[in-house]
Amino acid sequence: MHRLALPVFTAAVLLTAAFSQSGGDHFQELRKRMVREIIQDARMTASYTGKENLDESVLEILRTVPRHLFVPEHLRGRAYQNRPLPIGYGQTISQPYIVALMTDLLELEASDRVLEIGTGSAYQAAVLAELAARVYTLEIIPELAKSAGQRLADLGYDTVTVLQQDGYYGLAGEAPFDAILVTAAATHIPPPLVEQLKPGGRMVIPVGGPFMTQELIRLRKKGDGSISTEYLLPVAFVPLTGGH
Amino acid sequence: MVSAAALGFELLLMRYFALSYGSHFASSIISMALLGIGTAGSVLQILRNTLLPRFHRLFPSAAALLGLSMVSVIIMVRQVPFNPGELTWAQSQWLFLVLNYLLFALPFFFSGFCTAIALASGEFPPGKLYRADLLGACAGGLGVLAALSLLPPEEVLRLLAMLSLAAAAVAGFYFRTSRRSKQLTAGTLLAAVFLLFLPSQLLRPLLSDYKDLARLGHLPGTRIMTGTDSPLGRIDIAESPESPVRSAPGLSPLCPHPVPVRAGIYLDADLYGALYSPEKDTSYLDCLSAKLAFLYLKEPRVFIKNIFASAELMELALVEKASSVSGSYEHFSLPELAQQIRPGTGQEEHGWDAVLLEQGLARTVLSRPKRGATAEYDLITFWLSGSGAASLGHSAIDEQFDLTVESLGLMLSRLSRTGILMISKWRHRPPYETLKFIAALDAAVPEEQIGRNLLVISAPSTYTLLYRKSPWSRKDITTALDFCSSRGFMLEYPAGPDNPAEAQSLAAQVDQITGPEAADFRKRYKFYLEAPTDNRPFFGRFFRWSSAPELLKLRRAGGSALLQWGYLTKAATLVLAVLAGAVLILLPLLLRHREAAFRGMRSRVILYFSALGLAFLFVELMLIHLFTLFLGHPFLSAGVVMVAFLLWAGIGSGLSRHFSPHKALFCIGIVLGSYLLGLPPLLRALAFLSAPSRLALTLVLCFPPAFFMGMPFPQGIERLQSVLPAAVPWAWAINGVASVASPLLAAVLAIHMGFGFVLAGAILLYIGAFLSAPGNV
C-alpha cells in the first residue's frame, strides 16, 4: 500500500494538471468562439451603430478575460455564450457583445481614468482595467460590491477600485474622468455624471424606462461644456436600482 | 362549490401571475383552465366503464384533489425556474413555460372531472347541473374579488382549497351509500387540518427577483411605508435612502439643479411612479422638456392623465400657477394611500388639495359632463408609456383605449381654442411609437394638415410632442429653438433653416406619415403603423410577420427589444393550447372511438360543441371590451361581465328545457346581431350616467345574450344522453378543446381584424351550431 502511495500521488497530480490545462484550453477555445460571434453581431448591427468592426484591442481582451470566473459557479458552463446571465439580486452580467460594443464606444487610451456605474459581477470593470490606467466602479448592492471587490483582488486587477454607493452622483472626489460607462439603465442622464466628465470625455449610457427597451447613447462633452449625443442601439438593461 | 373554487382559483392565478411573471401571461390562464377541463372529459370517455360505476366515490375524491392540487401546484411552480425575460436566450425556458402550463391545468382537470362525471352519470338533469356549475362559478368569482380586497393572495388560496375540501365532504355525505365514505371523510378532514397549518410563506406568490421592489429590497434601509391588496393589483409605497426615486424624464443633462428624491409607488412590485410631495427647491423643473408648453400658456387649466405616475408634471403645473389642475387615475386606492403617507401636504399651496382627482380611464373622465373651470382645458398632457418598445413589446396585446383615434379626438375636443395636447415618451430608434401616435393624431383630425400644428423636441432620452389647435407661428418656433439650445435639447419638428431634416430623420418621417403618401409609407415601414381605433385599440402592436426574419436575426445582437414578445407569446400559447388540446383531449378519443354508430354523427357533434365552445368566449370577451369604455376600467368590466354572464347563463341553462335548441340559437343570433350594430352607439349615448347606473345597466345588457347562450350546451348534452350516452364526455372534451383555443384565438383575431370581426365570427359560429343542432341529430 505504502509502495503505491507515491506513484498514485504523482499520477493524481499529473492528471489534475493535465485536466486543468485542458480546462484552460477549453475555456480559451470558448472565448475565441464567443468573440467570433461578437464580430458577426457587430456586422449585423452596423446600420445602427455605424461600426462594421469593433476595435481589435477590445476583442483581444475579450479573448483573454476569464468570464467564467465572473458568473455564478452553476452557470460557468454558459459563461461564454453570447448572452446575459443572472448573477443574483435581480442583476445580470451583460451580454458579451454589449460589453464589447460599450467598451469600444468609449475609445479608451492607456492613460485614461474611467468611472463605471453598476459593477455587478465586475466583468466589465476587468475589461476596462485592461485598457485604461485607472478604473473606479460603483455598485449599490452591498453584497455584489463586496464579492466584486474580492474577485478583482483575487484576479490581480489592482487598478480597479470598487465602492458601494449610489451611482447617480458619480464620484466627485476622483473627478474628472476621461470616460464614464453606465451599465445600468436610467430614465435620464444624471447631470452630476456629465459634470464629472472631462472636456473631450465620452459617456456611454443606456437611457429609458426601467426594465424596458432602452437606447444606448454615446455622449461627448465639448471644450465649452456643451454636449453632443449619438443614438446607437436599442438594448435592454437592468435599471439603476431605485428608479431615476 | 367545486365550480366556485375552480373559478375563484382561475381569478386568483391572475394575481399570482402578475406578481411572478407579469400580467401579460395572465391571459393564458383561461386557456390553461380549459385544457384541464377538456382533458378530464377525455379521460372519463376513455375509462368510462371503469370510472362511471365508481361515480359516488370518485366525485368527492376529485373535489378533494382539486383543493390539494391548487396548493401543491403553487408550491411546485415555485421550484420551476421560469423567467419570461430569458425566453429570448434560453430554449430551456420554453420547456419551463410548457411545464408551468401543464401544472396549472392540473387543478382544473379535477374540477372538470367533477362536472363531466356528474353529467355522464345521468343522475342529474344536465340543465340543472349546468346551472349549478355556472351559478357556483359566479359565486366563486364574486367571493374571490371580495376576498382579495381583504386578504393577501395566499390566504385566499387557502380558503379556496378549504372550499374544495368542504365540497368533497358534502358530496361524501350526500353519497354516503358508498362503503368507503367514512375513509373519504377522514381523509378530507386530515387534508383540511394539513391545509390549515400549512405555512403561509409556502403559498405566497413568488416575487420575481427582477421586479423593481424585489431589487430595492436588497438595499439596506428600504422601507415599505404602506401597501394594499386589491383585485386590481398590489400597491406598495416604499422609500429607500440608498436609492430613492428621482423622477425627471426629459431632464436636461446640463441641469445644474438637484432633482428631488421621492418615495416610489409600486404596482405589483413594478415602479409605477414617484409619490408627489411639494418641494422647496423646484428649480429642476426649468430643465424639463415639458416646461416648453408653459412658455406658450398663461395660468392654464391643466389635465394630467395617470397623475400618480407623473409627479414632475403635476409639480410643474402647480409651480407654473396653473389656474386649475385635474388628473385621472385608474387604481382606486391610490389617493387614500398617498394621503396616508403625506397627511400634511393637503394643507399646502402645492399639495394634493390643489388638484382635482378623478378615477377612471382618461377618456372616460374627459367624456363626463363638466362645468366651470374644468369645462375645457388649455393643456392636456400625459406620459406615453407601456407601448410596444417601451415594455419589450409585452403590451402588444393590451387594449389601450386612451390612445385610439377616437380618444385623441375627444381630448382635442376638450381643448380650448389655443390649447395644447402634450405627450412625452421615451426616445427609441426606429421611432415607430412616435410615428404611430402621430398617425393616430392625424386620423383624429382628418380635416386638417396636422404638420403645421405639431412641434417635437427631444431630450437625450425622450421626445416631447406638442399639438396645438392653431398652427405654430415663426415666433413660436424661435421660442422652441431658444428653449432647446439652452438645455441641450433638439427641435426635431418642424425642420427649418436652423435644423435641416436629413433623409432618415424623424422630421422626414413625420412629413411622410402625415403627407399624401402616408398609406404607402405605412405599408413599406418595417413596423405596423396603422392608427389604433376603438375597434382595434392595440397601440402597442408593431409586429409584422414580414419583418420577423430580420428581427429574429437581430435578437441576439442587442435587438431583442425590437421583437414583440407579448404578441409572439400569445401566438405561441395559441399553438401550444391547440396542440396540447389535440394531444391530450382529441387524440385519445379518436383512437378509442371507431364504433360505427358513433361515427355517423361524429361530424355534427364536433361542429355543434366546438362552435359553442369557441363562440361563448368570443362573445364574452367582446362584451368585456365594449364595457371597458363604458365602465372606465378593464378589470371592472371583466369582473362585471364575467359575473353577469355566469349568473344569466346559469339561469338560462336552468330553463333550457322550456326552449328548443333552434329557438335558443335563433334568439342568440338576433341578440348578437343587434348588439353588433347597436350596442356601441347606445353605450356612447349613455356615457353620462352615474357609475352605479352604468354598473346596473351593464348587468342588464348582459342578460339577453347570456341568458340564451346558457341553453345550447345543456340542450345538446341532454339530447346526446338520450340517443348516445357514451358520447357525453366526448362532447364535453370537444367543447373543452374549443374553449382552450377560444380566448387566445379571439385575442389574435381582435389584434388583426378588430373586435367587431370577433363578434361577427361568434354569430357565424352560432349559425353553424344552429345547422348541426341536436334537433337535427
# chains A, B, ... in the order shown; residues from 1 in each chain; ligands from 1

$ residues_around --residues "Ala133 (chain A)" --least-positions-apart "5" --cutoff "8 Å" --atoms "only C-alpha atoms" --output "JSON, numbers by chain"
{"A": [110, 111, 112, 113, 159]}

$ select_by_dssp --residues "region 31-234 of chain A" --states "strand (DSSP E or B)" --output "number ranges by chain"
A: 85-88, 91-93, 113-117, 134-139, 160-164, 177-182, 185-186, 197-207, 214-221, 227-234

$ atom_distance --atom1 "CA of Val365 (chain B)" --atom2 "CA of Ser328 (chain B)"
6.8 Å

$ atom_distance --atom1 "CA of Gly201 (chain A)" --atom2 "CA of Ala132 (chain A)"
13.5 Å

$ closest_residue --among "A:Val182, A:Ile87, A:Ala126, A:Ile227" --to "Leu155 (chain A)" --atoms "only C-alpha atoms"
A:Ala126

$ residues_around --residues "Met34 (chain A)" --least-positions-apart "6" --cutoff "12 Å" --atoms "only C-alpha atoms" --output "list in words"
Phe27, Gln28, Gln40, Asp41, Leu59, Glu60, Leu62, Arg63, Thr64, Val65, Pro66, Arg67, Arg78, Ala79, Tyr80, Gln81, Asn82, Arg83, Gln95, Pro96, Tyr97 and Ala100 of chain A

$ closest_residue --among "B:Ser200, B:Ser208, B:Ser660, B:Ser742" --to "chain A" --atoms "only C-alpha atoms"
B:Ser208

$ select_by_dssp --residues "region 64-227 of chain A" --states "helix (DSSP H, G or I)" --output "ChimeraX atom specification"
/A:64,67-70,73-78,96-105,123-129,142-154,167-169,172-174,191-195

$ write_last_selection --atoms "C-alpha atoms" --output "compact mmCIF listing (two decimals), in the first residue's frame"
# COMPACT_ATOMS: atom_id res chain seq x y z
CA THR A 64 -8.34 36.73 -22.51
CA ARG A 67 -15.70 35.47 -17.97
CA HIS A 68 -16.42 32.12 -16.36
CA LEU A 69 -14.89 33.44 -13.15
CA PHE A 70 -17.39 36.32 -13.11
CA GLU A 73 -20.49 28.68 -10.37
CA HIS A 74 -23.57 26.80 -11.57
CA LEU A 75 -23.65 28.93 -14.75
CA ARG A 76 -19.98 28.53 -15.71
CA GLY A 77 -20.92 26.14 -18.48
CA ARG A 78 -22.80 29.01 -20.14
CA PRO A 96 -20.52 39.93 -24.14
CA TYR A 97 -21.41 41.69 -27.40
CA ILE A 98 -22.82 44.65 -25.43
CA VAL A 99 -19.71 44.68 -23.20
CA ALA A 100 -17.51 44.77 -26.29
CA LEU A 101 -19.59 47.44 -28.00
CA MET A 102 -19.77 49.74 -24.96
CA THR A 103 -16.04 49.38 -24.31
CA ASP A 104 -15.28 50.12 -27.94
CA LEU A 105 -17.51 53.20 -27.90
CA TYR A 123 -16.54 41.59 -15.65
CA GLN A 124 -16.95 44.92 -17.42
CA ALA A 125 -14.60 46.57 -14.89
CA ALA A 126 -11.97 43.90 -15.59
CA VAL A 127 -12.27 44.52 -19.33
CA LEU A 128 -11.90 48.28 -18.77
CA ALA A 129 -8.90 47.73 -16.50
CA PRO A 142 -23.57 45.77 -0.75
CA GLU A 143 -23.21 42.02 -1.35
CA LEU A 144 -22.37 42.47 -5.02
CA ALA A 145 -19.88 45.27 -4.27
CA LYS A 146 -18.13 43.08 -1.71
CA SER A 147 -17.90 40.00 -3.90
CA ALA A 148 -16.83 42.04 -6.95
CA GLY A 149 -14.03 43.68 -4.97
CA GLN A 150 -12.83 40.31 -3.72
CA ARG A 151 -12.99 38.75 -7.17
CA LEU A 152 -10.98 41.55 -8.77
CA ALA A 153 -8.38 41.36 -5.99
CA ASP A 154 -8.08 37.59 -6.42
CA GLY A 167 -24.06 55.76 -8.85
CA TYR A 168 -26.36 58.71 -9.57
CA TYR A 169 -23.95 61.21 -8.02
CA ALA A 172 -16.88 63.77 -7.30
CA GLY A 173 -13.73 63.20 -5.21
CA GLU A 174 -11.96 61.42 -8.08
CA PRO A 191 -26.35 65.69 -14.61
CA PRO A 192 -23.71 65.01 -11.88
CA LEU A 193 -22.10 62.45 -14.18
CA VAL A 194 -21.97 64.91 -17.09
CA GLU A 195 -20.34 67.40 -14.75

$ residues_around --residues "Phe645 (chain B)" --least-positions-apart "6" --cutoff "8 Å" --atoms "only C-alpha atoms" --output "MDAnalysis selection string"
chainID B and resid 620 702:703 706:707

$ write_last_selection --atoms "C-alpha atoms" --output "PDB file, in the first residue's frame"
ATOM      1  CA  GLU B 620     -67.875  37.319 -23.521  1.00  0.00           C
ATOM      2  CA  CYS B 702     -75.544  41.211 -20.420  1.00  0.00           C
ATOM      3  CA  PHE B 703     -78.831  39.428 -19.758  1.00  0.00           C
ATOM      4  CA  ALA B 706     -76.016  35.339 -21.693  1.00  0.00           C
ATOM      5  CA  PHE B 707     -79.498  34.012 -20.880  1.00  0.00           C
TER       6      PHE B 707
END

$ atom_distance --atom1 "CA of Ile341 (chain B)" --atom2 "CA of Glu312 (chain B)"
18.1 Å

$ closest_residue --among "A:Val71, A:Phe177, A:Arg43, A:Gly50" --to "chain B" --atoms "only C-alpha atoms"
A:Arg43

$ residues_around --residues "region 13-21 of chain B" --least-positions-apart "3" --cutoff "7 Å" --atoms "only C-alpha atoms" --output "ChimeraX atom specification"
/B:9-10,25-26,84,205-208,233,268

$ closest_residue --among "B:Ser772, B:Ser243, B:Gly409, B:Gly327" --to "Glu447 (chain B)" --atoms "only C-alpha atoms"
B:Gly409

$ residues_around --residues "Asp442 (chain B)" --least-positions-apart "3" --cutoff "10 Å" --atoms "only C-alpha atoms" --output "list in words"
Val405, Leu408, Gly409, Lys436, Phe437, Ile438, Ala439, Val445, Pro446, Glu447, Glu448, Gln449, Ile450, Gly451, Ile513, Thr514, Gly515 and Ala531 of chain B
